[in-house]
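Here's query-v7.txt, which has compact mmCIF, C-alpha atoms:
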# COMPACT_ATOMS: atom_id res chain seq x y z
CA MET A 1 244.81 93.92 61.92
CA LYS A 2 246.77 95.96 64.48
CA ASN A 3 244.03 95.38 67.05
CA ASN A 4 244.10 91.65 66.40
CA LEU A 5 247.85 91.54 66.80
CA PHE A 6 247.60 93.50 70.05
CA SER A 7 244.93 91.14 71.41
CA ILE A 8 246.96 88.06 70.50
CA SER A 9 250.03 89.56 72.16
CA ILE A 10 248.14 90.25 75.38
CA LEU A 11 246.60 86.77 75.35
CA LEU A 12 249.91 85.00 74.80
CA LEU A 13 251.67 87.18 77.35
CA SER A 14 248.99 86.35 79.93
CA ASN A 15 249.30 82.63 79.17
CA ALA A 16 253.05 82.79 79.56
CA MET A 17 252.77 84.62 82.87
CA CYS A 18 250.16 82.14 84.16
CA SER A 19 252.26 79.12 83.25
CA TRP A 20 255.28 80.62 85.05
CA ALA A 21 253.22 81.32 88.14
CA TYR A 22 251.99 77.73 88.08
CA ALA A 23 255.51 76.38 87.59
CA HIS A 24 256.74 78.31 90.61
CA SER A 25 254.30 76.50 92.87
CA LEU A 26 255.63 73.06 91.94
CA PRO A 27 258.31 71.31 94.01
CA LEU A 28 261.79 70.41 92.84
CA ASN A 29 261.94 68.21 89.73
CA SER A 30 258.18 68.36 89.23
CA MET A 31 258.67 71.22 86.80
CA ALA A 32 261.17 69.14 84.83
CA ILE A 33 258.70 66.24 84.74
CA GLU A 34 255.80 68.51 83.87
CA ALA A 35 257.78 69.84 80.92
CA CYS A 36 257.85 66.37 79.36
CA GLN A 37 254.21 65.43 79.80
CA ALA A 38 252.69 64.37 76.48
CA LYS A 39 256.16 64.29 74.95
CA GLU A 40 258.35 61.47 73.76
CA LYS A 41 261.89 60.53 74.66
CA SER A 42 264.52 62.83 73.12
CA GLN A 43 262.00 65.55 72.28
CA ASP A 44 263.05 69.09 73.11
CA CYS A 45 261.71 70.54 76.34
CA GLN A 46 262.04 73.65 78.42
CA TYR A 47 260.70 74.98 81.66
CA SER A 48 261.09 78.04 83.80
CA GLY A 49 262.33 77.64 87.35
CA HIS A 50 262.49 80.03 90.22
CA HIS A 51 264.20 83.41 89.80
CA ASN A 52 263.23 83.56 86.12
CA ASP A 53 265.67 80.83 85.14
CA LEU A 54 265.00 79.07 81.86
CA TYR A 55 266.02 75.42 81.50
CA ILE A 56 266.35 73.98 78.01
CA GLY A 57 267.00 70.32 77.27
CA THR A 58 265.48 67.08 76.06
CA CYS A 59 263.11 64.56 77.61
CA GLN A 60 264.84 61.52 79.05
CA LEU A 61 263.60 58.52 80.99
CA ALA A 62 263.89 59.04 84.75
CA THR A 63 262.22 55.66 85.37
CA GLU A 64 260.87 52.97 83.02
CA THR A 65 257.97 55.22 82.10
CA LYS A 66 258.48 58.70 83.52
CA LEU A 67 260.16 61.33 81.36
CA ILE A 68 262.08 64.24 82.80
CA CYS A 69 263.52 67.30 81.09
CA VAL A 70 267.32 66.98 81.19
CA ARG A 71 268.98 70.32 80.75
CA ASN A 72 271.73 70.38 78.13
CA LYS A 73 272.15 74.13 77.70
CA PRO A 74 273.49 76.61 80.23
CA ILE A 75 270.77 78.06 82.45
CA GLN A 76 269.37 81.20 80.89
CA LYS A 77 267.70 84.16 82.49
CA ILE A 78 264.21 85.00 81.31
CA GLU A 79 264.37 88.69 80.57
CA GLY A 80 261.71 91.01 79.32
CA ASP A 81 263.20 90.74 75.86
CA MET A 82 262.84 87.00 75.92
CA VAL A 83 259.17 87.32 76.77
CA LYS A 84 258.77 89.57 73.74
CA LEU A 85 260.77 87.12 71.67
CA GLU A 86 258.58 84.21 72.74
CA VAL A 87 255.41 86.16 72.08
CA ASN A 88 256.63 87.33 68.67
CA LYS A 89 257.61 83.78 67.78
CA LYS A 90 254.16 82.51 68.71
CA ILE A 91 252.52 85.34 66.76
CA GLU A 92 254.61 84.52 63.71
CA ASN A 93 253.63 80.87 64.01
CA SER A 94 250.02 81.88 64.42
CA ASN A 95 250.18 84.14 61.36
CA GLU A 96 251.81 81.42 59.29
CA HIS A 97 249.13 79.01 60.40
CA ASN A 98 246.38 81.45 59.48
CA GLN A 99 247.91 82.08 56.07
CA GLN A 100 248.11 78.36 55.43
CA MET A 101 244.49 77.97 56.46
CA GLN A 102 243.46 80.78 54.09
CA THR A 103 245.42 79.22 51.26
CA THR A 104 243.81 75.84 51.75
CA GLN A 105 240.35 77.43 51.87
CA MET B 1 299.44 63.06 75.41
CA LYS B 2 301.96 64.46 72.97
CA PHE B 3 300.35 63.20 69.78
CA ILE B 4 297.10 65.05 70.35
CA ASN B 5 298.28 68.29 68.82
CA THR B 6 300.12 66.84 65.86
CA SER B 7 298.73 66.16 62.42
CA ARG B 8 296.11 63.44 61.94
CA LEU B 9 298.63 61.28 60.07
CA SER B 10 300.99 61.32 62.99
CA GLN B 11 298.08 60.46 65.28
CA TYR B 12 297.46 57.28 63.34
CA ILE B 13 301.17 56.41 63.42
CA ALA B 14 301.44 57.18 67.12
CA LEU B 15 298.26 55.40 68.14
CA PRO B 16 299.55 51.80 68.39
CA PHE B 17 302.59 52.92 70.34
CA ALA B 18 300.52 55.08 72.63
CA CYS B 19 298.12 52.20 73.29
CA THR B 20 300.98 49.90 74.22
CA PHE B 21 302.46 52.50 76.50
CA LEU B 22 299.19 53.18 78.25
CA LEU B 23 298.37 49.52 78.75
CA VAL B 24 301.73 48.72 80.25
CA ALA B 25 302.52 51.87 82.17
CA CYS B 26 299.18 53.12 83.35
CA ASP B 27 296.98 50.06 83.64
CA ARG B 28 294.35 51.87 81.67
CA SER B 29 292.32 50.93 78.68
CA SER B 30 293.41 51.38 75.14
CA ILE B 31 292.38 54.42 73.21
CA GLU B 32 289.28 54.01 71.17
CA THR B 33 288.94 55.52 67.74
CA GLU B 34 285.43 55.72 66.47
CA ASN B 35 283.36 57.61 63.97
CA SER B 36 280.81 59.99 65.27
CA ASP B 37 279.19 63.21 64.23
CA LEU B 38 279.01 64.48 67.80
CA ASN B 39 280.13 68.08 67.81
CA ASN B 40 281.57 67.58 64.32
CA GLU B 41 284.39 65.44 65.69
CA LYS B 42 285.13 62.95 62.94
CA THR B 43 287.59 61.04 65.06
CA ILE B 44 287.08 60.71 68.76
CA MET B 45 289.92 59.57 70.93
CA THR B 46 288.02 58.32 73.93
CA GLN B 47 290.08 57.40 76.90
CA GLY B 48 288.88 54.60 79.09
CA LEU B 49 288.88 54.65 82.83
CA ASP B 50 292.18 55.63 84.44
CA ILE B 51 292.69 53.70 87.65
CA SER B 52 295.55 55.94 88.74
CA LEU B 53 293.20 58.89 89.12
CA PHE B 54 291.18 57.23 91.88
CA LYS B 55 291.97 58.13 95.44
CA ASP B 56 294.12 55.86 97.58
CA GLU B 57 291.91 53.33 99.36
CA ALA B 58 289.05 53.89 96.92
CA PHE B 59 288.97 50.11 96.49
CA ILE B 60 289.14 47.31 99.02
CA LYS B 61 290.50 44.85 96.45
CA ASN B 62 293.02 45.44 93.71
CA PRO B 63 291.19 46.38 90.52
CA GLU B 64 291.30 43.60 87.96
CA ILE B 65 290.31 43.14 84.35
CA VAL B 66 287.67 40.46 83.79
CA ASP B 67 285.54 39.20 80.92
CA CYS B 68 282.10 40.76 80.85
CA GLU B 69 279.04 41.20 78.69
CA THR B 70 277.29 44.50 78.14
CA ASN B 71 273.57 45.20 78.21
CA ALA B 72 273.67 45.04 74.40
CA GLY B 73 275.22 41.57 74.51
CA THR B 74 278.72 42.66 73.51
CA LYS B 75 281.40 40.45 74.99
CA THR B 76 284.30 42.58 76.15
CA THR B 77 286.58 43.15 79.12
CA CYS B 78 285.75 45.20 82.16
CA TYR B 79 287.48 46.68 85.14
CA LYS B 80 286.15 45.02 88.25
CA LEU B 81 286.22 47.62 90.99
CA VAL B 82 285.24 46.74 94.55
CA SER B 83 284.72 49.54 97.02
CA SER B 84 283.85 49.55 100.70
CA GLY B 85 280.67 51.57 100.27
CA GLY B 86 282.19 54.65 101.84
CA PRO B 87 284.15 57.56 100.37
CA ALA B 88 287.91 57.06 100.56
CA GLY B 89 289.86 59.49 102.67
CA ARG B 90 287.09 61.04 104.72
CA GLU B 91 284.23 60.31 107.07
CA PRO B 92 280.81 61.20 105.69
CA GLY B 93 278.83 63.94 107.45
CA ASP B 94 277.66 66.13 109.06
CA PHE B 95 274.06 65.57 108.02
CA CYS B 96 271.11 66.72 110.19
CA PRO B 97 271.37 69.56 112.71
CA ARG B 98 270.50 68.55 116.25
CA ASN B 99 268.77 71.76 117.24
CA ILE B 100 267.17 74.61 115.35
CA THR B 101 269.88 76.86 116.75
CA ASP B 102 272.63 74.83 115.03
CA GLY B 103 274.45 76.54 112.22
CA ALA B 104 275.59 75.33 108.82
CA ASP B 105 278.99 74.42 110.27
CA VAL B 106 277.58 71.35 112.04
CA SER B 107 275.11 70.19 109.41
CA GLY B 108 274.97 69.26 105.76
CA GLY B 109 272.86 70.30 102.79
CA TRP B 110 269.73 69.61 100.81
CA PHE B 111 268.42 70.33 97.34
CA SER B 112 267.36 73.90 96.80
CA LYS B 113 263.72 74.08 95.79
CA ASP B 114 264.93 76.18 92.88
CA GLY B 115 265.95 72.91 91.27
CA ALA B 116 269.35 74.26 90.29
CA GLY B 117 272.43 75.85 91.75
CA ASP B 118 274.18 74.93 94.97
CA LEU B 119 272.69 72.86 97.76
CA VAL B 120 271.07 74.88 100.53
CA ASP B 121 272.56 74.70 104.02
CA LEU B 122 270.61 72.27 106.18
CA SER B 123 270.98 74.49 109.21
CA GLY B 124 268.69 74.52 112.24
CA GLU B 125 267.11 77.65 110.84
CA PHE B 126 266.33 75.86 107.57
CA ILE B 127 264.63 73.03 109.53
CA ALA B 128 262.67 75.58 111.55
CA ASN B 129 261.48 77.31 108.38
CA LEU B 130 260.52 74.24 106.34
CA ALA B 131 256.82 75.06 106.52
CA SER B 132 257.32 78.39 104.84
CA TYR B 133 260.07 77.12 102.54
CA TYR B 134 257.77 74.48 101.06
CA ASP B 135 254.62 76.50 101.68
CA ASP B 136 253.13 73.62 103.67
CA PRO B 137 252.20 74.04 107.36
CA ASN B 138 252.38 70.27 107.99
CA TRP B 139 256.17 70.27 108.28
CA LYS B 140 257.13 69.56 111.93
CA LEU B 141 260.70 68.30 112.03
CA TYR B 142 261.49 69.78 115.41
CA ASP B 143 260.04 70.04 118.88
CA PRO B 144 258.78 73.61 119.23
CA GLU B 145 259.32 73.54 123.01
CA THR B 146 262.92 72.35 123.03
CA GLY B 147 264.05 73.19 119.52
CA LYS B 148 265.41 69.65 119.13
CA VAL B 149 265.40 68.35 115.58
CA ARG B 150 263.80 64.94 114.98
CA TYR B 151 266.31 62.76 113.19
CA THR B 152 266.89 59.05 112.63
CA ALA B 153 269.27 58.33 115.49
CA THR B 154 269.37 54.53 115.23
CA LYS B 155 270.13 51.89 112.61
CA GLU B 156 266.52 50.73 112.68
CA ALA B 157 265.24 54.27 112.14
CA CYS B 158 267.76 54.91 109.39
CA PHE B 159 266.82 51.76 107.45
CA GLY B 160 263.13 52.41 108.01
CA ALA B 161 263.36 55.91 106.66
CA ALA B 162 266.13 55.93 104.06
CA LYS B 163 264.05 54.36 101.30
CA PRO B 164 261.37 55.61 98.92
CA ASP B 165 258.50 54.09 100.95
CA VAL B 166 259.28 55.75 104.27
CA GLU B 167 257.76 53.82 107.18
CA GLU B 168 254.95 55.68 108.90
CA GLN B 169 256.71 56.09 112.25
CA TYR B 170 259.69 57.75 110.58
CA LYS B 171 257.78 60.47 108.76
CA GLN B 172 258.50 63.99 109.97
CA ASN B 173 262.19 63.20 110.43
CA CYS B 174 265.49 64.45 109.17
CA ILE B 175 267.07 61.26 107.84
CA GLU B 176 270.69 60.39 108.40
CA CYS B 177 272.59 57.11 108.53
CA GLU B 178 276.06 55.98 109.53
CA LEU B 179 278.49 53.75 107.68
CA ALA B 180 278.65 51.70 110.89
CA TYR B 181 275.08 50.55 110.22
CA LEU B 182 276.18 48.63 107.12
CA ASP B 183 276.98 44.93 107.31
CA ASP B 184 280.60 44.10 108.12
CA ASP B 185 281.04 42.50 104.69
CA PHE B 186 279.26 45.30 102.83
CA SER B 187 280.90 46.21 99.54
CA ARG B 188 280.00 47.60 96.14
CA THR B 189 281.21 46.01 92.90
CA TYR B 190 281.39 47.90 89.62
CA LEU B 191 282.05 46.32 86.23
CA ILE B 192 283.04 49.03 83.78
CA PRO B 193 284.13 48.34 80.18
CA THR B 194 287.86 48.90 79.79
CA GLN B 195 287.14 50.50 76.45
CA PRO B 196 283.89 52.46 76.10
CA ILE B 197 281.54 51.20 73.42
CA GLN B 198 279.08 53.70 72.01
CA ALA B 199 275.58 52.24 72.21
CA ALA B 200 273.11 52.17 69.34
CA LYS B 201 270.85 54.39 71.43
CA PRO B 202 271.26 56.01 74.83
CA GLU B 203 269.84 54.20 77.84
CA ARG B 204 268.26 55.64 80.93
CA VAL B 205 270.35 56.21 84.02
CA ARG B 206 270.15 53.46 86.62
CA THR B 207 273.35 54.45 88.32
CA VAL B 208 275.45 57.40 87.23
CA GLY B 209 278.72 55.64 87.97
CA ILE B 210 281.60 55.73 90.41
CA ALA B 211 283.31 58.78 91.89
CA LEU B 212 287.08 58.98 92.20
CA ASP B 213 286.78 58.21 95.92
CA GLY B 214 285.08 54.87 95.20
CA ALA B 215 281.58 55.95 96.23
CA GLU B 216 278.61 55.63 93.91
CA LEU B 217 277.45 58.51 91.78
CA ALA B 218 273.74 57.74 92.05
CA GLY B 219 270.75 58.51 89.89
CA PRO B 220 268.10 61.03 90.93
CA ALA B 221 266.88 60.83 94.52
CA PRO B 222 263.12 60.15 94.86
CA VAL B 223 262.50 63.71 96.02
CA ASP B 224 258.72 63.59 95.69
CA ALA B 225 258.54 60.53 97.96
CA ILE B 226 261.00 62.04 100.43
CA LEU B 227 259.23 65.37 100.72
CA GLY B 228 255.82 63.70 100.52
CA SER B 229 256.71 61.84 103.71
CA TYR B 230 257.78 65.07 105.37
CA THR B 231 261.36 63.93 105.54
CA ILE B 232 264.65 65.43 104.45
CA ALA B 233 267.20 62.86 103.29
CA ALA B 234 270.09 64.98 104.49
CA PHE B 235 273.28 65.20 102.43
CA ASP B 236 276.65 66.07 103.81
CA ASP B 237 278.40 69.05 102.29
CA CYS B 238 279.74 66.78 99.54
CA GLY B 239 276.24 66.00 98.27
CA GLY B 240 276.07 62.40 99.48
CA HIS B 241 274.25 60.31 102.05
CA ILE B 242 274.02 56.70 103.20
CA ASN B 243 271.41 53.99 102.83
CA ALA B 244 271.36 50.25 103.39
CA HIS B 245 271.87 48.99 99.85
CA GLN B 246 274.06 51.69 98.26
CA GLY B 247 276.20 52.64 101.21
CA TYR B 248 277.45 56.20 100.88
CA HIS B 249 276.42 57.63 97.51
CA TYR B 250 276.28 61.01 95.83
CA HIS B 251 273.18 62.63 94.39
CA SER B 252 275.08 65.74 93.46
CA THR B 253 278.66 66.76 93.04
CA THR B 254 280.03 69.68 95.01
CA GLY B 255 283.73 69.30 94.33
CA CYS B 256 284.74 66.73 96.95
CA THR B 257 285.95 64.13 94.45
CA ASP B 258 287.31 66.47 91.81
CA THR B 259 290.76 66.17 90.33
CA PRO B 260 292.65 69.46 90.01
CA VAL B 261 291.64 71.58 87.02
CA SER B 262 293.59 70.43 83.97
CA ASP B 263 296.26 72.51 82.27
CA ASP B 264 293.88 73.59 79.55
CA GLY B 265 291.43 74.95 82.10
CA TYR B 266 288.87 72.26 81.46
CA ALA B 267 286.47 71.19 84.18
CA PRO B 268 287.82 68.73 86.79
CA LEU B 269 287.19 65.00 86.45
CA ILE B 270 284.83 63.67 89.12
CA GLY B 271 284.38 60.01 88.17
CA TYR B 272 283.28 57.56 85.53
CA ALA B 273 279.91 56.45 84.20
CA PRO B 274 279.09 52.71 84.02
CA ASP B 275 279.85 52.78 80.28
CA GLY B 276 283.44 53.86 81.01
CA TYR B 277 283.07 57.41 79.74
CA ALA B 278 284.44 60.07 82.07
CA ILE B 279 282.28 62.54 83.98
CA TYR B 280 283.61 66.06 84.41
CA ALA B 281 282.30 68.80 86.66
CA MET B 282 279.78 71.33 85.39
CA LEU B 283 282.05 74.36 85.39
CA ASP B 284 285.47 74.90 83.88
CA ALA B 285 288.28 76.95 85.42
CA LEU B 286 286.61 80.17 84.29
CA GLY B 287 283.29 79.15 85.81
CA ASN B 288 281.64 78.48 82.46
CA GLU B 289 279.28 75.67 81.55
CA ALA B 290 279.60 73.70 78.32
CA GLU B 291 277.53 75.42 75.64
CA SER B 292 276.63 72.40 73.60
CA LEU B 293 275.83 69.10 75.24
CA ASP B 294 273.95 66.14 73.80
CA GLU B 295 270.82 64.69 75.39
CA CYS B 296 272.86 62.72 77.94
CA ARG B 297 274.79 65.86 78.93
CA GLY B 298 277.72 64.53 76.95
CA THR B 299 280.15 66.21 74.62
CA SER B 300 283.35 65.43 72.83
CA ASP B 301 286.69 67.04 72.21
CA SER B 302 290.06 66.03 70.83
CA VAL B 303 291.68 65.76 74.26
CA ARG B 304 289.11 63.80 76.24
CA GLY B 305 287.02 62.19 73.52
CA TYR B 306 283.41 61.61 74.49
CA HIS B 307 282.61 62.49 78.10
CA TYR B 308 279.83 63.83 80.28
CA ARG B 309 279.47 67.14 82.15
CA ALA B 310 277.65 67.03 85.49
CA ALA B 311 274.59 69.15 86.21
CA SER B 312 274.42 71.57 89.12
CA PRO B 313 274.11 70.16 92.68
CA SER B 314 270.42 70.95 93.15
CA GLU B 315 269.23 69.59 89.80
CA ASN B 316 268.98 66.06 91.23
CA MET B 317 270.58 64.55 88.17
CA ILE B 318 274.25 64.31 87.45
CA ILE B 319 273.92 63.19 83.82
CA GLY B 320 270.90 62.69 81.60
CA CYS B 321 271.34 59.23 80.10
CA ILE B 322 274.00 56.61 79.38
CA ARG B 323 275.60 56.99 75.96
CA GLY B 324 277.62 53.78 75.91
CA GLU B 325 277.05 50.10 76.55
CA PHE B 326 277.29 49.12 80.19
CA VAL B 327 277.17 46.01 82.33
CA LEU B 328 274.03 45.32 84.34
CA PRO B 329 274.64 44.74 88.06
CA GLU B 330 275.70 41.23 89.04
CA GLY B 331 272.77 39.14 90.18
CA GLY B 332 270.35 41.89 89.31
CA PRO B 333 267.35 41.46 87.06
CA ARG B 334 267.73 42.45 83.39
CA ASP B 335 265.64 45.57 83.86
CA GLY B 336 268.29 46.98 86.12
CA GLN B 337 266.11 47.19 89.21
CA ARG B 338 268.04 47.04 92.43
CA PRO B 339 268.33 43.76 94.33
CA PRO B 340 266.78 43.71 97.81
CA PRO B 341 268.73 45.68 100.40
CA PRO B 342 271.16 43.57 102.43
CA HIS B 343 269.46 44.27 105.73
CA GLU B 344 266.24 42.68 104.54
CA LYS B 345 268.03 39.34 104.44
CA GLN B 346 268.60 39.59 108.16
CA HIS B 347 264.96 39.88 109.11
Output the file's structure as structure tokens, nothing else.
Amino acid sequence: MKNNLFSISILLLSNAMCSWAYAHSLPLNSMAIEACQAKEKSQDCQYSGHHNDLYIGTCQLATETKLICVRNKPIQKIEGDMVKLEVNKKIENSNEHNQQMQTTQ
Amino acid sequence: MKFINTSRLSQYIALPFACTFLLVACDRSSIETENSDLNNEKTIMTQGLDISLFKDEAFIKNPEIVDCETNAGTKTTCYKLVSSGGPAGREPGDFCPRNITDGADVSGGWFSKDGAGDLVDLSGEFIANLASYYDDPNWKLYDPETGKVRYTATKEACFGAAKPDVEEQYKQNCIECELAYLDDDFSRTYLIPTQPIQAAKPERVRTVGIALDGAELAGPAPVDAILGSYTIAAFDDCGGHINAHQGYHYHSTTGCTDTPVSDDGYAPLIGYAPDGYAIYAMLDALGNEAESLDECRGTSDSVRGYHYRAASPSENMIIGCIRGEFVLPEGGPRDGQRPPPPHEKQH
């Protein structure tokens, strides 16, 4: 169980790092638009900008069809603790999901 | 307003008198009382637009109150505000540097690629380093032999470049325009409800509104198209620039139109949205942002009622959506698309 947890942590941490690296290569506003792909208007969104800034907001229409993440919280710094927090949150979700799956089986 | 800090009962008693006073003395809209669950404010005293807060010469005609109809079909009254298309009390600029040796003191600004924070100085050095800044070797906005910056030095070049579909010959240019390029009879007309009406659902931003100097607070600049054409649509230090159909307009707010910070330390007022709700700066007197904003970047308190808080200069959005009903531009199509630029009529 401990090994599984460790593997999941590493996997999720790698994914998070990759997505940040990708976000950093995008030009201005593209990250905010990217954050709302496959989302609907008013849905929550977040994206990480340069300098480890975290932007949290909701998806709003920039044009008739294009959604953009509009920040409505103060800019936050992504710290090491936040990475752990994110990973733990995803692990918890994953565990809950697995438990549900086991129950239904 | 004295009644704000008294009991709710006294607010109700004072309200009719206050409305009368404000209508007569201040030429401002009546105070709206409405139910809303925004920020747990059961009663929101939303002030309408206050003409007296605009700068002298913000308008080229005396503001008047006219009948109007909102995008939701509500018949109401609106302030009709006509501005010259330029910011009152100052000349726009500087915009593009002329040489890569020019400093920030003779040039304007541009969005930081960080997508937040202050604008970056559009110095000669910035122009010279665009290729590394955007990690794209195709940027060539200056002559490497002379150091001269390529910029739109004529009306024709300005109008050919200052639009989303930049004409081929004006790519690889720093774009700047002058107010003198606008038609002699150029003006901008704003119809803003005298009393804000909360909409059933927020609408997307077509225009953000009007700044206290009479210039437009514009929606997001088409940054992808601008950078994709290897152009920089230079702002002056106030976060605005000029094009043919909007005149001088802001894409960010850097403090040039702010009122002084209010007594309670709240953020300065910068202008009004087309729905009549006020727009305040991002930071308050202590340099803090609002903690809890709605999806439009709006919030509500007992002093100001519902209002917006601007985003940072480099976010390329001042507010997120329009919370109230607004009037579509005169003569414009119902979808809010802009009419053709005035200069196209001349060709």
### Message
Neighbouring residues of Asp224 in chain B were defined as those with any atom within 12 Å, considering all atoms listed in the file; residues of the same chain fewer than 5 positions away were excluded. Please report them as a ChimeraX atom specification.
### Response
/A:26-31,33 /B:111,113,164-166,229-233,316
### Query
Taking only C-alpha atoms into account, which residues of chain B are within 7 Å of chain A, as JSON, numbers by chain?
{"B": [113, 114, 115, 204, 289, 291, 292, 293, 294, 295, 297, 320, 321]}
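Reported to one decimal place, the separation of CA of His249 in chain B from CA of Glu216 in chain B is 4.7 Å.
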### Message
One number please: CA of Ala311 in chain B to CA of Ala35 in chain A, in Å, one decimal.
### Response
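Spanning CA of Ala311 in chain B to CA of Ala35 in chain A is a straight-line distance of 17.6 Å.
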